[in-house]
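> File entry.txt follows (compact mmCIF, C-alpha atoms and all ligand atoms):
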```txt
# COMPACT_ATOMS: atom_id res chain seq x y z
CA MET F 1 -13.79 -24.79 109.21
CA ASN F 2 -10.97 -27.24 109.41
CA LEU F 3 -12.42 -30.07 107.32
CA LYS F 4 -10.81 -32.69 105.11
CA LYS F 5 -11.87 -33.78 101.62
CA SER F 6 -11.75 -37.43 102.69
CA GLN F 7 -14.45 -37.03 105.37
CA PRO F 8 -17.86 -38.52 104.51
CA ILE F 9 -21.08 -36.75 103.54
CA GLY F 10 -23.97 -37.33 105.97
CA ILE F 11 -27.45 -37.56 104.50
CA PHE F 12 -30.61 -37.99 106.54
CA ASP F 13 -34.34 -38.40 106.08
CA SER F 14 -37.35 -39.64 108.03
CA GLY F 15 -36.99 -43.00 106.31
CA ALA F 16 -35.85 -44.53 103.07
CA GLY F 17 -37.18 -41.78 100.75
CA GLY F 18 -34.03 -39.65 101.12
CA LEU F 19 -32.19 -42.42 99.33
CA THR F 20 -33.53 -40.91 96.07
CA VAL F 21 -31.30 -37.93 96.92
CA ALA F 22 -28.42 -40.18 98.07
CA SER F 23 -28.70 -42.05 94.78
CA ALA F 24 -28.48 -38.80 92.76
CA VAL F 25 -25.42 -37.80 94.86
CA LYS F 26 -23.78 -41.20 94.29
CA LYS F 27 -24.24 -40.85 90.51
CA LEU F 28 -22.84 -37.32 90.34
CA LEU F 29 -20.06 -37.71 92.93
CA PRO F 30 -18.82 -41.31 92.83
CA ASN F 31 -15.71 -40.57 94.95
CA GLU F 32 -17.62 -39.32 97.98
CA LYS F 33 -18.18 -41.51 101.04
CA ILE F 34 -21.81 -41.40 102.21
CA ILE F 35 -23.31 -42.09 105.63
CA TYR F 36 -27.09 -42.27 105.43
CA PHE F 37 -29.47 -42.17 108.37
CA GLY F 38 -33.17 -43.03 107.94
CA ASP F 39 -35.29 -42.31 111.02
CA THR F 40 -37.65 -45.22 110.37
CA ALA F 41 -38.67 -45.47 114.06
CA HIS F 42 -40.21 -42.00 113.85
CA LEU F 43 -41.54 -41.74 110.34
CA PRO F 44 -43.59 -40.20 108.86
CA TYR F 45 -42.33 -36.70 109.62
CA GLY F 46 -44.89 -35.16 107.25
CA ASP F 47 -47.78 -35.29 109.76
CA LYS F 48 -45.77 -34.28 112.88
CA SER F 49 -45.34 -30.87 114.50
CA SER F 50 -42.28 -28.86 113.50
CA GLU F 51 -41.02 -28.96 117.13
CA THR F 52 -40.92 -32.77 117.08
CA VAL F 53 -39.29 -32.91 113.65
CA LYS F 54 -36.66 -30.42 114.88
CA ASN F 55 -35.86 -32.57 117.93
CA TYR F 56 -35.42 -35.73 115.83
CA SER F 57 -33.28 -33.81 113.31
CA LEU F 58 -30.93 -32.55 116.04
CA ARG F 59 -30.36 -36.07 117.42
CA ILE F 60 -29.47 -37.26 113.93
CA THR F 61 -27.18 -34.25 113.42
CA ASP F 62 -25.25 -35.20 116.59
CA PHE F 63 -24.91 -38.76 115.28
CA LEU F 64 -23.59 -37.60 111.88
CA LEU F 65 -21.16 -35.20 113.57
CA GLU F 66 -19.85 -38.10 115.70
CA LYS F 67 -19.31 -39.96 112.43
CA ASN F 68 -17.11 -37.06 111.35
CA CYS F 69 -19.19 -35.86 108.38
CA LYS F 70 -17.82 -32.81 106.54
CA LEU F 71 -21.26 -31.93 105.19
CA ILE F 72 -24.78 -32.76 106.37
CA LEU F 73 -27.54 -32.82 103.79
CA ILE F 74 -31.07 -32.79 105.17
CA ALA F 75 -32.63 -34.97 102.48
CA CYS F 76 -36.17 -34.67 103.83
CA ASN F 77 -38.37 -31.77 102.73
CA THR F 78 -40.35 -31.76 105.97
CA ALA F 79 -37.17 -31.67 108.09
CA SER F 80 -35.61 -29.06 105.77
CA ALA F 81 -38.65 -26.84 106.39
CA ALA F 82 -38.74 -27.41 110.15
CA ALA F 83 -35.12 -27.83 111.21
CA TYR F 84 -32.61 -26.28 108.77
CA ASP F 85 -31.69 -23.32 111.01
CA ALA F 86 -31.47 -25.51 114.12
CA VAL F 87 -29.26 -28.09 112.38
CA LYS F 88 -26.97 -25.34 111.02
CA GLU F 89 -26.62 -23.89 114.50
CA ARG F 90 -25.84 -27.34 116.00
CA ALA F 91 -23.29 -28.19 113.30
CA ALA F 92 -21.76 -24.68 113.63
CA ASP F 93 -18.12 -24.91 112.52
CA LYS F 94 -18.03 -28.73 112.48
CA ALA F 95 -19.82 -29.34 109.16
CA VAL F 96 -21.40 -27.54 106.23
CA VAL F 97 -25.19 -27.95 106.17
CA LEU F 98 -27.47 -28.11 103.12
CA ASN F 99 -31.20 -28.68 102.77
CA VAL F 100 -33.30 -29.93 99.87
CA ILE F 101 -35.45 -26.81 99.55
CA ASP F 102 -32.95 -24.05 98.65
CA PRO F 103 -31.59 -25.66 95.44
CA ALA F 104 -35.09 -26.03 93.93
CA THR F 105 -36.31 -22.59 95.03
CA GLU F 106 -33.14 -20.93 93.65
CA TYR F 107 -33.61 -22.79 90.37
CA VAL F 108 -37.23 -21.67 89.80
CA ALA F 109 -36.65 -18.14 91.09
CA LYS F 110 -33.93 -17.61 88.45
CA HIS F 111 -35.66 -19.42 85.58
CA PRO F 112 -36.98 -16.67 83.27
CA ASP F 113 -39.74 -18.80 81.68
CA LEU F 114 -41.44 -19.88 84.90
CA LYS F 115 -44.24 -17.61 86.08
CA LYS F 116 -46.66 -19.82 88.02
CA ILE F 117 -44.99 -22.54 90.06
CA GLY F 118 -46.81 -25.41 91.74
CA VAL F 119 -45.44 -27.21 94.79
CA ILE F 120 -46.63 -30.59 96.08
CA GLY F 121 -45.44 -32.16 99.33
CA THR F 122 -46.45 -33.42 102.77
CA LYS F 123 -48.82 -31.50 105.06
CA GLY F 124 -45.82 -30.35 107.13
CA THR F 125 -43.91 -28.99 104.14
CA VAL F 126 -46.92 -27.25 102.59
CA SER F 127 -48.27 -25.76 105.81
CA SER F 128 -44.83 -24.36 106.70
CA GLY F 129 -45.05 -22.12 103.60
CA THR F 130 -41.27 -22.48 103.25
CA TYR F 131 -41.21 -23.02 99.47
CA THR F 132 -43.49 -20.03 98.81
CA ASN F 133 -41.59 -17.75 101.19
CA LYS F 134 -38.18 -18.69 99.80
CA ILE F 135 -39.21 -18.30 96.15
CA LYS F 136 -40.93 -14.95 96.84
CA ALA F 137 -37.92 -13.69 98.79
CA LEU F 138 -35.69 -14.39 95.80
CA ASN F 139 -38.14 -13.18 93.17
CA PRO F 140 -41.41 -11.51 94.25
CA GLU F 141 -42.73 -11.62 90.66
CA LYS F 142 -43.27 -15.39 90.79
CA GLU F 143 -46.67 -16.82 91.63
CA VAL F 144 -46.44 -19.91 93.85
CA VAL F 145 -49.30 -22.29 94.66
CA SER F 146 -48.95 -25.36 96.83
CA LEU F 147 -50.96 -28.45 97.62
CA ALA F 148 -50.49 -31.11 100.30
CA THR F 149 -50.65 -34.55 98.69
CA PRO F 150 -50.29 -36.85 101.74
CA LEU F 151 -51.59 -40.03 100.10
CA LEU F 152 -48.67 -40.17 97.68
CA VAL F 153 -46.10 -41.35 100.27
CA PRO F 154 -48.03 -44.45 101.47
CA MET F 155 -49.16 -45.10 97.89
CA ILE F 156 -45.55 -45.28 96.66
CA GLU F 157 -44.39 -47.25 99.71
CA GLU F 158 -47.11 -49.83 99.08
CA GLY F 159 -45.90 -50.20 95.52
CA PHE F 160 -48.82 -48.53 93.74
CA ILE F 161 -46.83 -47.13 90.84
CA TYR F 162 -47.79 -46.99 87.14
CA ASP F 163 -51.18 -48.59 87.77
CA ASN F 164 -54.86 -47.60 87.95
CA ILE F 165 -54.82 -46.77 91.66
CA SER F 166 -51.83 -44.41 91.40
CA ASN F 167 -53.13 -42.86 88.17
CA SER F 168 -56.45 -42.06 89.90
CA ILE F 169 -54.83 -40.59 93.02
CA ILE F 170 -52.38 -38.50 90.98
CA LYS F 171 -55.20 -37.30 88.70
CA GLU F 172 -57.42 -36.38 91.67
CA TYR F 173 -54.67 -34.33 93.34
CA LEU F 174 -53.23 -32.65 90.25
CA SER F 175 -56.69 -31.71 88.94
CA SER F 176 -57.16 -29.48 91.98
CA ALA F 177 -58.18 -25.95 90.96
CA LYS F 178 -55.25 -24.68 93.05
CA LEU F 179 -52.82 -26.03 90.48
CA ASP F 180 -54.66 -24.63 87.43
CA ASN F 181 -52.37 -23.19 84.74
CA ILE F 182 -49.07 -23.86 86.46
CA ASP F 183 -46.05 -23.92 84.11
CA SER F 184 -43.88 -25.95 86.51
CA LEU F 185 -44.30 -28.31 89.44
CA ILE F 186 -41.73 -28.88 92.19
CA LEU F 187 -41.77 -32.42 93.59
CA ALA F 188 -41.20 -31.29 97.18
CA CYS F 189 -41.01 -34.72 98.79
CA THR F 190 -38.32 -37.37 98.78
CA HIS F 191 -40.65 -40.08 97.46
CA TYR F 192 -42.02 -38.31 94.41
CA PRO F 193 -39.08 -38.85 92.01
CA ILE F 194 -40.32 -42.46 91.85
CA ILE F 195 -43.54 -41.28 90.13
CA LYS F 196 -41.93 -38.42 88.20
CA ASN F 197 -42.72 -39.86 84.76
CA GLN F 198 -46.30 -40.63 85.71
CA ILE F 199 -46.72 -36.98 86.77
CA ARG F 200 -45.06 -35.75 83.56
CA LYS F 201 -47.50 -37.91 81.60
CA PHE F 202 -50.47 -36.43 83.47
CA TYR F 203 -49.39 -33.04 82.08
CA ASN F 204 -48.75 -34.48 78.61
CA PHE F 205 -45.11 -33.50 79.13
CA LYS F 206 -46.08 -29.79 78.79
CA THR F 207 -45.43 -28.72 82.41
CA LEU F 208 -41.86 -28.68 83.70
CA VAL F 209 -41.65 -31.25 86.50
CA ILE F 210 -38.74 -30.47 88.82
CA ASP F 211 -37.13 -33.44 90.53
CA SER F 212 -35.35 -31.77 93.42
CA SER F 213 -33.01 -34.75 94.00
CA GLU F 214 -31.10 -33.90 90.80
CA VAL F 215 -30.92 -30.14 91.53
CA VAL F 216 -29.81 -30.93 95.10
CA ALA F 217 -26.96 -33.21 93.93
CA ARG F 218 -25.69 -30.42 91.65
CA LYS F 219 -25.87 -27.87 94.49
CA LEU F 220 -23.98 -30.27 96.77
CA LYS F 221 -21.19 -30.59 94.21
CA GLU F 222 -20.96 -26.78 93.83
CA THR F 223 -20.82 -26.38 97.62
CA LEU F 224 -18.02 -28.93 97.97
CA VAL F 225 -16.03 -27.19 95.21
CA GLU F 226 -16.57 -23.73 96.78
CA ASN F 227 -15.35 -25.03 100.16
CA ASN F 228 -12.45 -26.97 98.63
CA LEU F 229 -13.93 -30.20 100.00
CA LEU F 230 -14.55 -32.24 96.84
CA ASN F 231 -12.95 -35.66 97.25
CA SER F 232 -10.90 -36.22 94.12
CA GLU F 233 -9.24 -39.44 95.35
CA ASN F 234 -10.24 -42.31 93.16
CA SER F 235 -10.91 -44.76 95.98
CA LEU F 236 -13.59 -47.43 96.18
CA PRO F 237 -16.96 -45.96 97.17
CA GLU F 238 -17.92 -46.37 100.82
CA TYR F 239 -21.60 -46.23 101.70
CA LYS F 240 -23.05 -46.91 105.16
CA PHE F 241 -26.77 -47.00 105.89
CA PHE F 242 -28.28 -46.67 109.35
CA VAL F 243 -31.96 -46.89 110.30
CA SER F 244 -33.56 -46.34 113.71
CA ASP F 245 -35.89 -49.30 113.21
CA PHE F 246 -35.39 -52.30 110.97
CA THR F 247 -37.93 -54.40 109.11
CA ASP F 248 -37.64 -56.35 105.87
CA PHE F 249 -40.10 -53.85 104.40
CA PHE F 250 -37.68 -50.95 105.04
CA LYS F 251 -34.92 -52.93 103.34
CA THR F 252 -37.10 -53.52 100.25
CA LEU F 253 -38.04 -49.84 100.17
CA ALA F 254 -34.43 -48.72 100.67
CA GLU F 255 -33.30 -50.82 97.71
CA MET F 256 -36.08 -49.40 95.54
CA PHE F 257 -35.10 -45.82 96.42
CA PHE F 258 -31.30 -46.30 96.20
CA ASP F 259 -31.63 -48.49 93.14
CA GLU F 260 -29.20 -51.17 94.33
CA LYS F 261 -28.80 -53.84 97.04
CA ILE F 262 -27.75 -52.39 100.41
CA GLU F 263 -27.07 -53.45 104.00
CA LEU F 264 -28.96 -51.55 106.73
CA GLN F 265 -27.52 -51.24 110.26
CA LYS F 266 -29.91 -50.57 113.13
CA LYS F 267 -29.13 -47.59 115.35
CA TYR F 268 -31.85 -46.21 117.60
CA LEU F 269 -31.30 -42.57 118.57
N1 LIG X 1 -39.28 -37.54 103.72
C1 LIG X 1 -40.53 -36.83 103.79
C2 LIG X 1 -40.43 -35.54 102.97
O1 LIG X 1 -39.64 -35.40 102.07
C3 LIG X 1 -41.69 -37.68 103.32
C4 LIG X 1 -42.02 -38.85 104.24
C5 LIG X 1 -42.43 -38.42 105.64
O2 LIG X 1 -43.51 -37.80 105.80
O3 LIG X 1 -41.69 -38.70 106.56
O4 LIG X 1 -41.15 -34.61 103.25
```
Here is the file; what I need is its structure written in the form of structure tokens.


Amino acid sequence: MNLKKSQPIGIFDSGAGGLTVASAVKKLLPNEKIIYFGDTAHLPYGDKSSETVKNYSLRITDFLLEKNCKLILIACNTASAAAYDAVKERAADKAVVLNVIDPATEYVAKHPDLKKIGVIGTKGTVSSGTYTNKIKALNPEKEVVSLATPLLVPMIEEGFIYDNISNSIIKEYLSSAKLDNIDSLILACTHYPIIKNQIRKFYNFKTLVIDSSEVVARKLKETLVENNLLNSENSLPEYKFFVSDFTDFFKTLAEMFFDEKIELQKKYL
């Protein structure tokens, strides 16, 4: 691939949730330019068929390739499960492609202390079986159990965080017999890092809670180094944010997830 270090990184998600990943990338790699696309006109992806999610993901890939991205990070778990192969094929030799599932599955598969791993995510992510299949392929000894927790996305988006409503919903889901005796829990959805500490507290800090946004940022750095694409120029950071539908609510959400004030540009694909 004939790519330059100065080209931007493209990150996409169904909406604003992927900004938790973009924020982790910004903290770890302050010299990288980032172009973010949130498909707010089509969210949520979590309840849609994998065919539909694949089609949306390919349109966004074309957009990010037009913007000359050297690397495309699928920052949505549902799209990573449904569209990773298709996006890689579309990007071919024009950009490196990463998803948010491989870094977390590689991490738990290699971790010697983890025997029974829980996964929570959207219906789409859980029903795809991608986390289980990938962990088992790397290490068949691991036991993996997963649970769809679809109420958590709207709960977080409506601002129910660190209160009685969110405590009850989290307790109801995590008390499911499916998750009995897990030693670790992968937060397999872009939104869940926001309630990471609440989940840790539910387990009295005894279960390892894996925030995939941090593992993904580390994997992205390693990939850039391996491909000699890490931007070492100390220039001012350049971040651009596109959404396929704009409302003030999306802007508020985006700022909560990215953890700073941002400008959103509307671009319907
Ligand atoms: N971004 C999605 C994910 O990580 C959650 C929101 C949605 O369903 O679109 O799976």

> Name the residues in contact with stretch 221-230 of chain F at a cut-off of 12 Å, using only C-alpha atoms, excluding same-chain residues fewer than 6 positions from it; report them as number ranges by chain.

F: 1-9, 24-33, 69-73, 95-99, 103, 214-215

> From the options F:His191, F:Lys94, F:Lys171, F:Lys136, which residue's atoms come nearest to ligand LIG 1 (chain X), counting all atoms listed in the file?

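Closest to ligand LIG 1 (chain X), using all atoms listed in the file: F:His191.
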
> Would you name the residues within 6 Å of ligand LIG 1 (chain X), counting only C-alpha atoms and all ligand atoms, and put them as a ChimeraX atom specification?

/F:13-14,17,43-46,76-78,122,189-190

> Pick out the closest residue to F:His42 from this set: F:Asn231, F:Thr252, F:Asn204, F:Ser244. Count all atoms listed in the file.

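Using all atoms listed in the file, the shortest distance to F:His42 belongs to F:Ser244.
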
> Can you pull out the residues contacting stretch 157-169 of chain F? Cut-off 12 Å, using all atoms listed in the file, and skip same-chain residues under 4 positions away; I want them as a PyMOL selection string.

chain F and resi 15-17+44+149-153+173-176+190-202+249-257

> Give me, please, the distance in Å between atom CA of F:Ala188 and atom CA of F:Gln265, quoted to one decimal.

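Computing it gives 27.5 Å between the two atoms.
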
> Between F:Ala217, F:Leu65, F:Leu269, F:Ile210, single out the one closest to F:Leu19, counting all atoms listed in the file.

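So, comparing all the options, the nearest one is F:Ala217.
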
> Can you tell me which residues surround F:Ala137 at a distance of at most 12 Å, considering all atoms listed in the file, apart from same-chain residues fewer than 3 positions away, and format the answer as a list of chain:residue names?

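Non-adjacent residues within range: F:Asp102, F:Thr105, F:Glu106, F:Ala109, F:Lys110, F:Thr130, F:Tyr131, F:Thr132, F:Asn133, F:Lys134, F:Pro140, F:Glu141, F:Lys142, F:Glu143, F:Val144.
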
> Excluding F:Ser184 and its own-chain neighbours fewer than 2 positions away, which residues fall within 9 Å of it when counting all atoms listed in the file? Please give them as a PyMOL selection string.

chain F and resi 108+114-119+182+186+206-210

> What is the atom CA of F:His111 to atom CA of F:Leu147 distance in Å?

21.5 Å

> To one decimal in Å, tell me the separation between atom CA of F:Pro237 and atom CA of F:Asp93.

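It comes out at 26.1 Å.
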
> Determine the nearest neighbour of F:Ala41 from the options F:Tyr84, F:Phe246, F:Phe205, F:Phe258, counting all atoms listed in the file.

F:Phe246

> For each of F:Ala75, F:Phe63, F:Leu58, F:Ala104, take the minimum atom-to-atom distance to F:Lys88, counting all atoms listed in the file, then give the residue where this is smallest.

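Distance minimum relative to F:Lys88 lands on F:Leu58.
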
> With only C-alpha atoms as the atoms that count, which of F:Phe12, F:Ser232, F:Asp259, F:Ser23 lies nearest to F:Gly38?

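Residue with the minimum atom-to-atom distance to F:Gly38: F:Phe12.
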
> Just give me the residues with any atom within 8 Å of (-25.3, -51.2, 107.5), file coordinates, counting only C-alpha atoms, written as a list of chain:residue names.

F:Lys240, F:Phe241, F:Phe242, F:Ile262, F:Glu263, F:Leu264, F:Gln265, F:Lys266

> Would you mind writing stretch 166-191 of chain F with N, CA and C atoms, as a compact mmCIF listing (two decimals), in the coordinates of the input?


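To be explicit, this is the file written out as part_7.txt:
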```txt
# COMPACT_ATOMS: atom_id res chain seq x y z
N SER F 166 -52.69 -45.60 91.33
CA SER F 166 -51.83 -44.41 91.40
C SER F 166 -52.25 -43.38 90.35
N ASN F 167 -52.67 -43.84 89.18
CA ASN F 167 -53.13 -42.86 88.17
C ASN F 167 -54.31 -42.07 88.69
N SER F 168 -55.26 -42.76 89.39
CA SER F 168 -56.45 -42.06 89.90
C SER F 168 -56.07 -41.07 91.00
N ILE F 169 -55.20 -41.50 91.91
CA ILE F 169 -54.83 -40.59 93.02
C ILE F 169 -54.08 -39.36 92.47
N ILE F 170 -53.15 -39.61 91.57
CA ILE F 170 -52.38 -38.50 90.98
C ILE F 170 -53.33 -37.55 90.24
N LYS F 171 -54.27 -38.13 89.48
CA LYS F 171 -55.20 -37.30 88.70
C LYS F 171 -56.06 -36.45 89.64
N GLU F 172 -56.55 -37.08 90.72
CA GLU F 172 -57.42 -36.38 91.67
C GLU F 172 -56.67 -35.18 92.28
N TYR F 173 -55.44 -35.42 92.72
CA TYR F 173 -54.67 -34.33 93.34
C TYR F 173 -54.32 -33.24 92.31
N LEU F 174 -53.76 -33.66 91.19
CA LEU F 174 -53.23 -32.65 90.25
C LEU F 174 -54.33 -31.91 89.50
N SER F 175 -55.57 -32.42 89.58
CA SER F 175 -56.69 -31.71 88.94
C SER F 175 -57.23 -30.62 89.86
N SER F 176 -56.69 -30.50 91.05
CA SER F 176 -57.16 -29.48 91.98
C SER F 176 -57.08 -28.08 91.34
N ALA F 177 -58.13 -27.29 91.56
CA ALA F 177 -58.18 -25.95 90.96
C ALA F 177 -56.97 -25.11 91.37
N LYS F 178 -56.42 -25.43 92.57
CA LYS F 178 -55.25 -24.68 93.05
C LYS F 178 -54.09 -24.73 92.06
N LEU F 179 -53.98 -25.85 91.37
CA LEU F 179 -52.82 -26.03 90.48
C LEU F 179 -53.12 -25.65 89.03
N ASP F 180 -54.29 -25.01 88.80
CA ASP F 180 -54.66 -24.63 87.43
C ASP F 180 -53.60 -23.74 86.80
N ASN F 181 -53.28 -24.04 85.56
CA ASN F 181 -52.37 -23.19 84.74
C ASN F 181 -50.95 -23.02 85.28
N ILE F 182 -50.47 -23.97 86.04
CA ILE F 182 -49.07 -23.86 86.46
C ILE F 182 -48.17 -24.19 85.25
N ASP F 183 -46.97 -23.56 85.20
CA ASP F 183 -46.05 -23.92 84.11
C ASP F 183 -44.95 -24.85 84.61
N SER F 184 -44.91 -25.07 85.95
CA SER F 184 -43.88 -25.95 86.51
C SER F 184 -44.40 -26.52 87.83
N LEU F 185 -43.87 -27.67 88.19
CA LEU F 185 -44.30 -28.31 89.44
C LEU F 185 -43.07 -28.84 90.16
N ILE F 186 -42.87 -28.37 91.40
CA ILE F 186 -41.73 -28.88 92.19
C ILE F 186 -42.20 -30.12 92.96
N LEU F 187 -41.47 -31.20 92.83
CA LEU F 187 -41.77 -32.42 93.59
C LEU F 187 -41.07 -32.25 94.94
N ALA F 188 -41.81 -31.68 95.91
CA ALA F 188 -41.20 -31.29 97.18
C ALA F 188 -41.30 -32.38 98.23
N CYS F 189 -40.99 -33.59 97.85
CA CYS F 189 -41.01 -34.72 98.79
C CYS F 189 -40.07 -35.78 98.24
N THR F 190 -39.34 -36.38 99.17
CA THR F 190 -38.32 -37.37 98.78
C THR F 190 -38.86 -38.51 97.92
N HIS F 191 -40.12 -38.90 98.15
CA HIS F 191 -40.65 -40.08 97.46
C HIS F 191 -41.05 -39.82 96.01
```
